[in-house]
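First comes the structure, then the notes that go with it.
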2 protein chains.
Amino acid sequence: MKFGQATIKDIARELNISSSTVSRALKDYPGISDETKAKVKELAKKLNYRPNAVALSLRKSKSLTIGVIIPEVVHFFFSTVISGIEEVAYAHNYNVILLQTNESEEREKAAIDTMMRNQIDGLLVSFSKDTTDFSHFKDLMDYNYPIVFFDRLPALADTVNVVVNDFSGAYQATTHLIEQGYRNIMHLAGPENLTISKERKKGYIKALEEAGLPIREKWIIPCPLGTSEESQRLTEPILAAEERPDAVFASNDVAAAGAMMAAKKLGLKLPKEFGAVGFSNWQFSSMIEPPLSSVSQPGFEMGEKAAQLLLQMIDSQSSEAFQAKTEVLDTGLIVRKSSLKNS
Amino acid sequence: MKFGQATIKDIARELNISSSTVSRALKDYPGISDETKAKVKELAKKLNYRPNAVALSLRKSKSLTIGVIIPEVVHFFFSTVISGIEEVAYAHNYNVILLQTNESEEREKAAIDTMMRNQIDGLLVSFSKDTTDFSHFKDLMDYNYPIVFFDRLPALADTVNVVVNDFSGAYQATTHLIEQGYRNIMHLAGPENLTISKERKKGYIKALEEAGLPIREKWIIPCPLGTSEESQRLTEPILAAEERPDAVFASNDVAAAGAMMAAKKLGLKLPKEFGAVGFSNWQFSSMIEPPLSSVSQPGFEMGEKAAQLLLQMIDSQSSEAFQAKTEVLDTGLIVRKSSLKNS
DNA sequence: TTGTAAGCGTTATCAT
DNA sequence: ATGATAACGCTTACAA
């Protein structure tokens, strides 16, 4: 009874009635006299009574809290997703508990342990880059524990997922570069074991193939870190070579920006001599010079959708809600100056 | 007992001993035979026993959870702070529950209500822009409830706070512009009722005064929204005027970027004809053209410090920990091309 | 060395 | 229309 918080018992004692009556009066149960209801409610208000959610959780084995496991918070896309999750949770009177894994599998397992100890009702998961063993998720799913994966898909059967259409986003972006007249398009790829990276790479390749352009493996560069320094460093030698690309499709905006910096450093004119399209439409993309074209990901919607699916699983417990499904959200191509060859 | 989670009772039953013995054995209490301890621990492991944190919270009136109330997650600075909070909390086995207020005072009050219902052990608060009534915080403080305010300071006595040195950051930034040879420096200010905005404005004015430069009220423009569109729109007429500023010190990087866009649109050469320094050193600042000089705020450290102070209040409950104090973290000036007049 | 019982705050069940 | 009691899972005096 921290901070003088009043309990049902306090109210009961003061009014000389039983706690069950108080409990029922507070929730307008039938069979309680209007008089008692009024008295109880009045006193509750006066004492600033707040139901103890912890006691409720224990009693009902339900915490009205959902857990979010995410690689890092300081990431435009992820923070946008969190925001979407927050909104839906708030609207349904659920709380959000946040565990950041810093892309570490160990922290991920610890996070799950914490969530279980705290009787969290369900989990929204974007697992870390180098998670290869998914048994900690599998175990939960075997108990019918509600989990929705977002952005990153695990190598597990029968999961409920929300992703964006990475393939088509990448395909669109690359096709756009081709239509603009770029012919030698390199690709800065994401971490190799993530589905999103693979899909974006596939979309890139598909676009080249369809246009009858050659696929050059040496121009497909994985950027495991995803920092602009890394991509600048990796891109520079490629642009300095005899035969060089005239554009880049990057798996994320930061990498694209790094490539642009490399191109500038080598004195190339942007976007005429080197075009670029990124992925995720980060906040900064419109502010760099030239403004970066980018594939926009509906992060907020992803958070909303994932939270909605999870709450369905939690509330209904129907097998329908638990059925494997992958919700695919559409990307959009935001065309800015960086990819307009003849501007 | 969701998901087949084993409880102490299950272990007790299986071993034909009492739950108290199990409880004690699990925590190596003295006076339990090594044999029993071994048996209990073995079975606990086998059953994958996890202590029920909810039951513990109820028993101990302590949830090992701290709450973070923040205007918005999708914000480079705030998300960095959260990251720092997360790290410290994790290291001390505390959980973090996150409530976003979207800069609404009503949501802020609802957030506090939620936190109280859930027996959250303490609060880290950055209140919303238009909160003017702080009684909801005051009420808690009167009960000796642990709260640490960060970034934004409430108009309340005896609070524990963590802020950055906004005044000196702004002073440094403006002085730097002056030293570079800029003479007519405008200021894009933040929301007027926030202390941080006031402090930054003061630092700006102090620098001008010290340099013997005039303060021109018409060149001090509040940007309540803080978007680049807003600042671009507000800056354009000022730069188009007969007598125009030759530099800007902005209360945040986004506003600075907007001003730079306005200057470019009017054909001014950057940084020669128009210099700029922002605040917060957002991720994008190094990537725009010219790269933006900025006052860096130690967001991660702020989160760490705030969490540490809070945990001290929670753990010690000593009046020392609750004593009013304001931890001031130093800013740094990151000089990039946007403020180098003669580069 | 171990067991019993009460209690944290709430509600469901069964009485009255 | 209201009360008594048990239970959620765990800890902790107090007993034995």
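We name chains A, B, ... following the order of the structure tokens; residues begin at 1 in each chain, and ligands are numbered from 1 as shown.
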
Fill in: Spatial neighbours of stretch 1-15 of chain D, 8 Å, only C-alpha atoms (C1' of nucleotides), chain gap at least 3 places, as a list in words
Ser18, Ser20, Thr21, Gly31, Ile32, Ser33, Leu58, Arg59, Lys60 and Ser61 of chain A; Thr7, Ile8, Ser20, Ser23, Asn52, Ala55, Leu56 and Arg59 of chain B; DT4, DA15 and DT16 of chain C

Worksheet entry | Secondary structure check, alpha helix (DSSP H) residues of stretch 14-195 of chain A, as a PyMOL selection string | chain A and resi 14-15+19-26+34-46+53-60+76-91+105-117+135-142+166-179+195

Practice prompt. Kindly provide, as a PyMOL selection string, the residues of chain A having any atom no farther than 6 Å from an atom of chain B, counting only C-alpha atoms.
Written response: chain A and resi 3+52-54+73-74+79-80+97+117-118+143+284+287-289

Mind writing the picked residues with N, CA and C atoms as a PDB file, in the first residue's frame?
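What follows is the written file again12.pdb:
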```pdb
ATOM      1  N   PHE A   3       2.480   4.759  -0.953  1.00  0.00           N
ATOM      2  CA  PHE A   3       1.996   6.108  -1.226  1.00  0.00           C
ATOM      3  C   PHE A   3       0.564   6.314  -0.822  1.00  0.00           C
ATOM      4  N   ASN A  52      -5.568  -1.959  -8.129  1.00  0.00           N
ATOM      5  CA  ASN A  52      -4.192  -2.421  -8.189  1.00  0.00           C
ATOM      6  C   ASN A  52      -4.032  -3.424  -9.328  1.00  0.00           C
ATOM      7  N   ALA A  53      -3.387  -2.948 -10.392  1.00  0.00           N
ATOM      8  CA  ALA A  53      -3.257  -3.785 -11.586  1.00  0.00           C
ATOM      9  C   ALA A  53      -2.436  -5.037 -11.331  1.00  0.00           C
ATOM     10  N   VAL A  54      -1.537  -4.958 -10.378  1.00  0.00           N
ATOM     11  CA  VAL A  54      -0.709  -6.122 -10.083  1.00  0.00           C
ATOM     12  C   VAL A  54      -1.553  -7.234  -9.474  1.00  0.00           C
ATOM     13  N   VAL A  73      16.210   1.062 -30.343  1.00  0.00           N
ATOM     14  CA  VAL A  73      15.185   2.098 -30.337  1.00  0.00           C
ATOM     15  C   VAL A  73      15.612   3.275 -31.199  1.00  0.00           C
ATOM     16  N   VAL A  74      16.919   3.540 -31.201  1.00  0.00           N
ATOM     17  CA  VAL A  74      17.420   4.707 -31.932  1.00  0.00           C
ATOM     18  C   VAL A  74      17.546   4.366 -33.404  1.00  0.00           C
ATOM     19  N   SER A  79      11.557   3.124 -34.344  1.00  0.00           N
ATOM     20  CA  SER A  79      10.853   4.001 -33.421  1.00  0.00           C
ATOM     21  C   SER A  79       9.474   4.352 -33.985  1.00  0.00           C
ATOM     22  N   THR A  80       9.377   4.416 -35.293  1.00  0.00           N
ATOM     23  CA  THR A  80       8.073   4.664 -35.907  1.00  0.00           C
ATOM     24  C   THR A  80       7.130   3.487 -35.650  1.00  0.00           C
ATOM     25  N   ILE A  97       5.613  -2.813 -22.808  1.00  0.00           N
ATOM     26  CA  ILE A  97       6.886  -2.909 -22.133  1.00  0.00           C
ATOM     27  C   ILE A  97       7.929  -3.162 -23.209  1.00  0.00           C
ATOM     28  N   ARG A 117       8.363 -13.989 -16.956  1.00  0.00           N
ATOM     29  CA  ARG A 117       8.244 -13.767 -15.516  1.00  0.00           C
ATOM     30  C   ARG A 117       7.161 -12.746 -15.200  1.00  0.00           C
ATOM     31  N   ASN A 118       7.039 -11.778 -16.078  1.00  0.00           N
ATOM     32  CA  ASN A 118       6.091 -10.701 -15.805  1.00  0.00           C
ATOM     33  C   ASN A 118       4.699 -10.949 -16.373  1.00  0.00           C
ATOM     34  N   TYR A 143       3.369 -23.510 -26.703  1.00  0.00           N
ATOM     35  CA  TYR A 143       2.390 -23.344 -25.635  1.00  0.00           C
ATOM     36  C   TYR A 143       1.254 -22.431 -26.056  1.00  0.00           C
ATOM     37  N   PHE A 284      15.978  12.223 -42.670  1.00  0.00           N
ATOM     38  CA  PHE A 284      17.007  13.093 -43.244  1.00  0.00           C
ATOM     39  C   PHE A 284      17.027  13.076 -44.761  1.00  0.00           C
ATOM     40  N   MET A 287      16.523  16.016 -46.805  1.00  0.00           N
ATOM     41  CA  MET A 287      17.342  17.184 -46.470  1.00  0.00           C
ATOM     42  C   MET A 287      18.757  17.121 -47.003  1.00  0.00           C
ATOM     43  N   ILE A 288      19.155  15.966 -47.493  1.00  0.00           N
ATOM     44  CA  ILE A 288      20.520  15.906 -47.995  1.00  0.00           C
ATOM     45  C   ILE A 288      20.556  16.435 -49.418  1.00  0.00           C
ATOM     46  N   GLU A 289      21.738  16.604 -49.946  1.00  0.00           N
ATOM     47  CA  GLU A 289      21.896  17.220 -51.258  1.00  0.00           C
ATOM     48  C   GLU A 289      22.595  16.274 -52.214  1.00  0.00           C
TER      49      GLU A 289
END
```

Distance-based interface of chain C with chain B, 12 Å, counting only C-alpha atoms (C1' of nucleotides), as a PDB file with N, CA, C and O atoms (P, O5', C5', C4', C3', O3' and C1' of nucleotides), in the first residue's frame:
```
ATOM      1  P    DT C   1      20.979 -27.774   8.706  1.00  0.00           P
ATOM      2  O5'  DT C   1      19.575 -28.291   8.136  1.00  0.00           O
ATOM      3  C5'  DT C   1      19.293 -29.644   8.064  1.00  0.00           C
ATOM      4  C4'  DT C   1      17.822 -29.741   8.199  1.00  0.00           C
ATOM      5  C3'  DT C   1      17.021 -29.187   6.998  1.00  0.00           C
ATOM      6  O3'  DT C   1      16.444 -30.286   6.333  1.00  0.00           O
ATOM      7  C1'  DT C   1      16.060 -28.577   9.102  1.00  0.00           C
ATOM      8  P    DT C   2      15.563 -30.077   5.090  1.00  0.00           P
ATOM      9  O5'  DT C   2      14.171 -29.610   5.683  1.00  0.00           O
ATOM     10  C5'  DT C   2      13.271 -30.600   6.157  1.00  0.00           C
ATOM     11  C4'  DT C   2      12.089 -29.939   6.804  1.00  0.00           C
ATOM     12  C3'  DT C   2      11.084 -29.319   5.840  1.00  0.00           C
ATOM     13  O3'  DT C   2      10.003 -30.234   5.733  1.00  0.00           O
ATOM     14  C1'  DT C   2      11.362 -28.063   7.860  1.00  0.00           C
ATOM     15  P    DG C   3       8.763 -29.878   4.803  1.00  0.00           P
ATOM     16  O5'  DG C   3       7.749 -29.240   5.857  1.00  0.00           O
ATOM     17  C5'  DG C   3       7.434 -29.970   7.022  1.00  0.00           C
ATOM     18  C4'  DG C   3       6.439 -29.204   7.857  1.00  0.00           C
ATOM     19  C3'  DG C   3       5.237 -28.681   7.068  1.00  0.00           C
ATOM     20  O3'  DG C   3       4.067 -28.899   7.853  1.00  0.00           O
ATOM     21  C1'  DG C   3       6.312 -26.880   8.159  1.00  0.00           C
ATOM     22  P    DT C   4       2.660 -28.612   7.227  1.00  0.00           P
ATOM     23  O5'  DT C   4       2.149 -27.352   8.047  1.00  0.00           O
ATOM     24  C5'  DT C   4       2.562 -27.146   9.392  1.00  0.00           C
ATOM     25  C4'  DT C   4       1.846 -25.909   9.934  1.00  0.00           C
ATOM     26  C3'  DT C   4       0.580 -25.506   9.169  1.00  0.00           C
ATOM     27  O3'  DT C   4      -0.336 -24.976  10.114  1.00  0.00           O
ATOM     28  C1'  DT C   4       2.150 -23.752   9.020  1.00  0.00           C
ATOM     29  P    DA C   5      -1.780 -24.491   9.682  1.00  0.00           P
ATOM     30  O5'  DA C   5      -1.554 -22.920   9.522  1.00  0.00           O
ATOM     31  C5'  DA C   5      -0.830 -22.245  10.554  1.00  0.00           C
ATOM     32  C4'  DA C   5      -0.850 -20.754  10.265  1.00  0.00           C
ATOM     33  C3'  DA C   5      -2.109 -20.288   9.541  1.00  0.00           C
ATOM     34  O3'  DA C   5      -2.369 -18.970   9.979  1.00  0.00           O
ATOM     35  C1'  DA C   5      -0.267 -19.828   8.189  1.00  0.00           C
ATOM     36  P    DA C   6      -3.794 -18.287   9.674  1.00  0.00           P
ATOM     37  O5'  DA C   6      -3.343 -16.772   9.522  1.00  0.00           O
ATOM     38  C5'  DA C   6      -2.162 -16.315  10.202  1.00  0.00           C
ATOM     39  C4'  DA C   6      -1.532 -15.194   9.399  1.00  0.00           C
ATOM     40  C3'  DA C   6      -2.557 -14.324   8.663  1.00  0.00           C
ATOM     41  O3'  DA C   6      -2.137 -12.983   8.759  1.00  0.00           O
ATOM     42  C1'  DA C   6      -1.030 -15.180   7.121  1.00  0.00           C
ATOM     43  P    DG C   7      -3.191 -11.818   8.548  1.00  0.00           P
ATOM     44  O5'  DG C   7      -2.583 -11.047   7.287  1.00  0.00           O
ATOM     45  C5'  DG C   7      -1.206 -10.688   7.257  1.00  0.00           C
ATOM     46  C4'  DG C   7      -0.805 -10.515   5.826  1.00  0.00           C
ATOM     47  C3'  DG C   7      -1.874  -9.815   4.961  1.00  0.00           C
ATOM     48  O3'  DG C   7      -1.331  -8.622   4.441  1.00  0.00           O
ATOM     49  C1'  DG C   7      -0.963 -11.705   3.871  1.00  0.00           C
ATOM     50  P    DC C   8      -2.342  -7.469   3.991  1.00  0.00           P
ATOM     51  O5'  DC C   8      -1.728  -7.005   2.622  1.00  0.00           O
ATOM     52  C5'  DC C   8      -0.359  -6.701   2.431  1.00  0.00           C
ATOM     53  C4'  DC C   8      -0.032  -6.899   0.963  1.00  0.00           C
ATOM     54  C3'  DC C   8      -1.196  -6.551   0.049  1.00  0.00           C
ATOM     55  O3'  DC C   8      -1.074  -5.187  -0.360  1.00  0.00           O
ATOM     56  C1'  DC C   8      -0.109  -8.614  -0.596  1.00  0.00           C
ATOM     57  P    DG C   9      -2.327  -4.208  -0.144  1.00  0.00           P
ATOM     58  O5'  DG C   9      -3.284  -4.664  -1.347  1.00  0.00           O
ATOM     59  C5'  DG C   9      -2.980  -4.266  -2.672  1.00  0.00           C
ATOM     60  C4'  DG C   9      -4.013  -4.833  -3.622  1.00  0.00           C
ATOM     61  C3'  DG C   9      -5.446  -4.362  -3.342  1.00  0.00           C
ATOM     62  O3'  DG C   9      -5.963  -3.898  -4.573  1.00  0.00           O
ATOM     63  C1'  DG C   9      -5.349  -6.729  -3.460  1.00  0.00           C
ATOM     64  P    DT C  10      -7.460  -3.458  -4.747  1.00  0.00           P
ATOM     65  O5'  DT C  10      -8.095  -4.762  -5.394  1.00  0.00           O
ATOM     66  C5'  DT C  10      -7.615  -5.186  -6.660  1.00  0.00           C
ATOM     67  C4'  DT C  10      -8.181  -6.533  -7.028  1.00  0.00           C
ATOM     68  C3'  DT C  10      -9.695  -6.604  -7.070  1.00  0.00           C
ATOM     69  O3'  DT C  10     -10.091  -6.539  -8.444  1.00  0.00           O
ATOM     70  C1'  DT C  10      -8.700  -8.559  -6.101  1.00  0.00           C
TER      71       DT C  10
END
```

Practice prompt. List the neighbours of B:Tyr171 out to 8 Å using only C-alpha atoms (C1' of nucleotides); skip same-chain residues closer than 5 positions along the sequence, and give me the result as JSON, numbers by chain.
Written response: {"B": [200, 202, 203, 204, 205, 206, 207]}

For the residues in the current selection, export N, CA and C atoms as a PDB file, in the first residue's frame.
```pdb
ATOM      1  N   ARG B 200      18.261  28.432 -24.476  1.00  0.00           N
ATOM      2  CA  ARG B 200      19.003  28.552 -25.733  1.00  0.00           C
ATOM      3  C   ARG B 200      18.929  29.980 -26.259  1.00  0.00           C
ATOM      4  N   LYS B 202      18.530  32.605 -24.431  1.00  0.00           N
ATOM      5  CA  LYS B 202      19.382  33.433 -23.565  1.00  0.00           C
ATOM      6  C   LYS B 202      20.850  33.331 -23.955  1.00  0.00           C
ATOM      7  N   GLY B 203      21.286  32.122 -24.249  1.00  0.00           N
ATOM      8  CA  GLY B 203      22.674  31.911 -24.625  1.00  0.00           C
ATOM      9  C   GLY B 203      23.018  32.661 -25.917  1.00  0.00           C
ATOM     10  N   TYR B 204      22.058  32.625 -26.810  1.00  0.00           N
ATOM     11  CA  TYR B 204      22.219  33.334 -28.090  1.00  0.00           C
ATOM     12  C   TYR B 204      22.366  34.841 -27.855  1.00  0.00           C
ATOM     13  N   ILE B 205      21.468  35.349 -27.013  1.00  0.00           N
ATOM     14  CA  ILE B 205      21.491  36.791 -26.741  1.00  0.00           C
ATOM     15  C   ILE B 205      22.774  37.209 -26.018  1.00  0.00           C
ATOM     16  N   LYS B 206      23.162  36.377 -25.061  1.00  0.00           N
ATOM     17  CA  LYS B 206      24.375  36.671 -24.312  1.00  0.00           C
ATOM     18  C   LYS B 206      25.582  36.799 -25.257  1.00  0.00           C
ATOM     19  N   ALA B 207      25.662  35.880 -26.195  1.00  0.00           N
ATOM     20  CA  ALA B 207      26.792  35.887 -27.128  1.00  0.00           C
ATOM     21  C   ALA B 207      26.802  37.152 -27.972  1.00  0.00           C
TER      22      ALA B 207
END
```

Worksheet item: In stretch 201-309 of chain B, what's strand (DSSP E or B) per DSSP? Answer as a ChimeraX atom specification?
Response: /B:220-222,247-250,275-279,288,293-296

Can you write just those residues out, N, CA and C atoms, as a CSV table (one decimal), in the first residue's frame?
```
chain,number,residue,atom,x,y,z
B,220,ILE,N,14.3,37.0,-34.2
B,220,ILE,CA,14.1,35.9,-33.2
B,220,ILE,C,12.8,35.3,-33.4
B,221,ILE,N,12.7,34.1,-34.1
B,221,ILE,CA,11.5,33.5,-34.5
B,221,ILE,C,11.2,32.2,-33.8
B,222,PRO,N,10.1,32.2,-33.1
B,222,PRO,CA,9.7,30.9,-32.4
B,222,PRO,C,9.1,29.9,-33.5
B,247,ALA,N,23.4,34.6,-41.1
B,247,ALA,CA,23.5,33.3,-40.4
B,247,ALA,C,22.3,33.0,-39.5
B,248,VAL,N,22.2,31.8,-39.1
B,248,VAL,CA,21.2,31.4,-38.2
B,248,VAL,C,21.7,30.5,-37.1
B,249,PHE,N,21.2,30.7,-35.9
B,249,PHE,CA,21.4,29.7,-34.9
B,249,PHE,C,20.1,29.2,-34.5
B,250,ALA,N,19.9,27.9,-34.7
B,250,ALA,CA,18.5,27.3,-34.6
B,250,ALA,C,18.5,26.4,-33.3
B,275,GLY,N,25.4,31.3,-43.0
B,275,GLY,CA,25.9,30.2,-42.1
B,275,GLY,C,24.8,29.7,-41.2
B,276,ALA,N,25.0,28.5,-40.7
B,276,ALA,CA,24.0,27.9,-39.8
B,276,ALA,C,24.6,26.9,-38.8
B,277,VAL,N,24.1,27.0,-37.6
B,277,VAL,CA,24.4,26.0,-36.6
B,277,VAL,C,23.0,25.6,-36.0
B,278,GLY,N,22.9,24.3,-35.8
B,278,GLY,CA,21.7,23.7,-35.2
B,278,GLY,C,21.9,23.2,-33.8
B,279,PHE,N,21.0,22.4,-33.3
B,279,PHE,CA,21.1,21.9,-31.9
B,279,PHE,C,20.6,20.5,-31.9
B,288,ILE,N,23.7,16.4,-44.7
B,288,ILE,CA,23.1,17.4,-45.6
B,288,ILE,C,24.2,18.2,-46.2
B,293,SER,N,26.7,22.2,-38.9
B,293,SER,CA,27.4,22.3,-37.5
B,293,SER,C,26.2,22.2,-36.5
B,294,SER,N,26.5,21.6,-35.4
B,294,SER,CA,25.5,21.5,-34.4
B,294,SER,C,26.0,21.3,-33.0
B,295,VAL,N,25.2,21.7,-32.1
B,295,VAL,CA,25.5,21.5,-30.7
B,295,VAL,C,25.1,20.1,-30.3
B,296,SER,N,26.0,19.2,-29.9
B,296,SER,CA,25.7,17.9,-29.6
B,296,SER,C,25.2,17.7,-28.2
```

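Our summary of the geometry notes that atom CA of B:Phe300 is positioned 17.6 Å from atom CA of B:Ile196.
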
Item to complete: Excluding B:Asp166 and any residue of its chain fewer than 5 positions from it, enumerate the residues within 12 Å of it, using only C-alpha atoms (C1' of nucleotides), and give them as a ChimeraX atom specification.
Response: /B:151-152,171-173,190,194-204,251-252,279-280,295-298,328-333

Would you export the selected residues with N, CA, C and O atoms as a short mmCIF file (atom, residue, chain, number, x, y, z; two decimals), in the first residue's frame, please?
```cif
data_model
loop_
_atom_site.label_atom_id
_atom_site.label_comp_id
_atom_site.auth_asym_id
_atom_site.auth_seq_id
_atom_site.Cartn_x
_atom_site.Cartn_y
_atom_site.Cartn_z
N ASP B 151 15.49 16.61 -19.45
CA ASP B 151 15.37 17.51 -20.60
C ASP B 151 14.46 18.70 -20.37
O ASP B 151 14.84 19.83 -20.64
N ARG B 152 13.27 18.44 -19.89
CA ARG B 152 12.34 19.55 -19.66
C ARG B 152 12.06 19.70 -18.17
O ARG B 152 11.69 18.75 -17.51
N TYR B 171 25.28 29.55 -26.36
CA TYR B 171 26.29 30.61 -26.31
C TYR B 171 27.50 30.24 -27.17
O TYR B 171 27.97 31.04 -27.98
N GLN B 172 27.97 29.02 -27.00
CA GLN B 172 29.11 28.55 -27.79
C GLN B 172 28.83 28.60 -29.28
O GLN B 172 29.66 29.02 -30.08
N ALA B 173 27.65 28.12 -29.63
CA ALA B 173 27.30 28.04 -31.05
C ALA B 173 27.28 29.44 -31.66
O ALA B 173 27.84 29.68 -32.73
N GLY B 190 12.74 27.55 -30.03
CA GLY B 190 11.82 26.43 -29.82
C GLY B 190 10.54 26.89 -29.17
O GLY B 190 10.32 28.09 -28.97
N LEU B 194 8.96 26.16 -23.00
CA LEU B 194 9.94 25.18 -22.52
C LEU B 194 11.20 25.88 -22.03
O LEU B 194 11.71 26.79 -22.68
N THR B 195 11.68 25.39 -20.91
CA THR B 195 12.91 25.96 -20.37
C THR B 195 14.05 25.87 -21.37
O THR B 195 14.83 26.80 -21.52
N ILE B 196 14.14 24.72 -22.05
CA ILE B 196 15.25 24.56 -22.98
C ILE B 196 15.24 25.66 -24.04
O ILE B 196 16.28 26.20 -24.40
N SER B 197 14.06 26.02 -24.50
CA SER B 197 13.98 27.07 -25.52
C SER B 197 14.47 28.40 -24.95
O SER B 197 15.23 29.13 -25.58
N LYS B 198 14.02 28.66 -23.74
CA LYS B 198 14.39 29.93 -23.11
C LYS B 198 15.89 30.00 -22.90
O LYS B 198 16.53 31.03 -23.16
N GLU B 199 16.45 28.92 -22.42
CA GLU B 199 17.89 28.89 -22.14
C GLU B 199 18.70 29.09 -23.42
O GLU B 199 19.71 29.80 -23.43
N ARG B 200 18.26 28.43 -24.48
CA ARG B 200 19.00 28.55 -25.73
C ARG B 200 18.93 29.98 -26.26
O ARG B 200 19.91 30.52 -26.75
N LYS B 201 17.76 30.55 -26.10
CA LYS B 201 17.60 31.93 -26.55
C LYS B 201 18.50 32.86 -25.72
O LYS B 201 19.17 33.74 -26.27
N LYS B 202 18.53 32.61 -24.43
CA LYS B 202 19.38 33.43 -23.56
C LYS B 202 20.85 33.33 -23.95
O LYS B 202 21.57 34.32 -23.98
N GLY B 203 21.29 32.12 -24.25
CA GLY B 203 22.67 31.91 -24.63
C GLY B 203 23.02 32.66 -25.92
O GLY B 203 24.09 33.25 -26.05
N TYR B 204 22.06 32.62 -26.81
CA TYR B 204 22.22 33.33 -28.09
C TYR B 204 22.37 34.84 -27.86
O TYR B 204 23.28 35.49 -28.36
N SER B 251 17.34 26.40 -32.74
CA SER B 251 17.16 25.65 -31.51
C SER B 251 17.16 24.15 -31.76
O SER B 251 17.24 23.35 -30.84
N ASN B 252 17.04 23.76 -33.02
CA ASN B 252 17.20 22.34 -33.35
C ASN B 252 17.64 22.18 -34.79
O ASN B 252 17.49 23.09 -35.61
N PHE B 279 21.01 22.45 -33.29
CA PHE B 279 21.10 21.93 -31.92
C PHE B 279 20.62 20.49 -31.91
O PHE B 279 19.60 20.17 -32.51
N SER B 280 21.36 19.65 -31.25
CA SER B 280 21.04 18.23 -31.00
C SER B 280 21.87 17.24 -31.81
O SER B 280 21.88 16.06 -31.51
N VAL B 295 25.17 21.67 -32.05
CA VAL B 295 25.51 21.47 -30.65
C VAL B 295 25.07 20.05 -30.29
O VAL B 295 23.90 19.72 -30.42
N SER B 296 26.03 19.24 -29.89
CA SER B 296 25.66 17.85 -29.59
C SER B 296 25.18 17.73 -28.16
O SER B 296 25.76 18.29 -27.24
N GLN B 297 24.12 16.99 -28.01
CA GLN B 297 23.55 16.76 -26.68
C GLN B 297 23.84 15.32 -26.30
O GLN B 297 23.56 14.41 -27.08
N PRO B 298 24.31 15.08 -25.13
CA PRO B 298 24.58 13.71 -24.72
C PRO B 298 23.31 13.00 -24.29
O PRO B 298 23.05 12.83 -23.11
N VAL B 328 23.61 18.80 -14.58
CA VAL B 328 23.76 19.47 -15.86
C VAL B 328 24.83 18.78 -16.70
O VAL B 328 25.98 18.67 -16.29
N LEU B 329 24.46 18.33 -17.86
CA LEU B 329 25.42 17.65 -18.73
C LEU B 329 25.93 18.62 -19.78
O LEU B 329 25.18 19.46 -20.30
N ASP B 330 27.19 18.48 -20.09
CA ASP B 330 27.77 19.42 -21.05
C ASP B 330 27.46 19.07 -22.50
O ASP B 330 27.45 17.92 -22.89
N THR B 331 27.25 20.11 -23.24
CA THR B 331 27.08 19.96 -24.68
C THR B 331 28.43 20.10 -25.34
O THR B 331 29.41 20.50 -24.71
N GLY B 332 28.50 19.75 -26.59
CA GLY B 332 29.73 19.96 -27.35
C GLY B 332 29.37 20.61 -28.68
O GLY B 332 28.25 20.44 -29.16
N LEU B 333 30.28 21.38 -29.22
CA LEU B 333 29.99 22.00 -30.52
C LEU B 333 30.67 21.19 -31.61
O LEU B 333 31.89 21.01 -31.60
#
```

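Near stretch 307-315 of chain A, within 7 Å and counting only C-alpha atoms (C1' of nucleotides), sit A:Ile85, A:Val88, A:Ala89, A:Asp121, A:Gly122, A:Pro146, A:Ile147, A:Val148, A:Ala321, A:Phe322; same-chain residues fewer than 5 positions away were not included.
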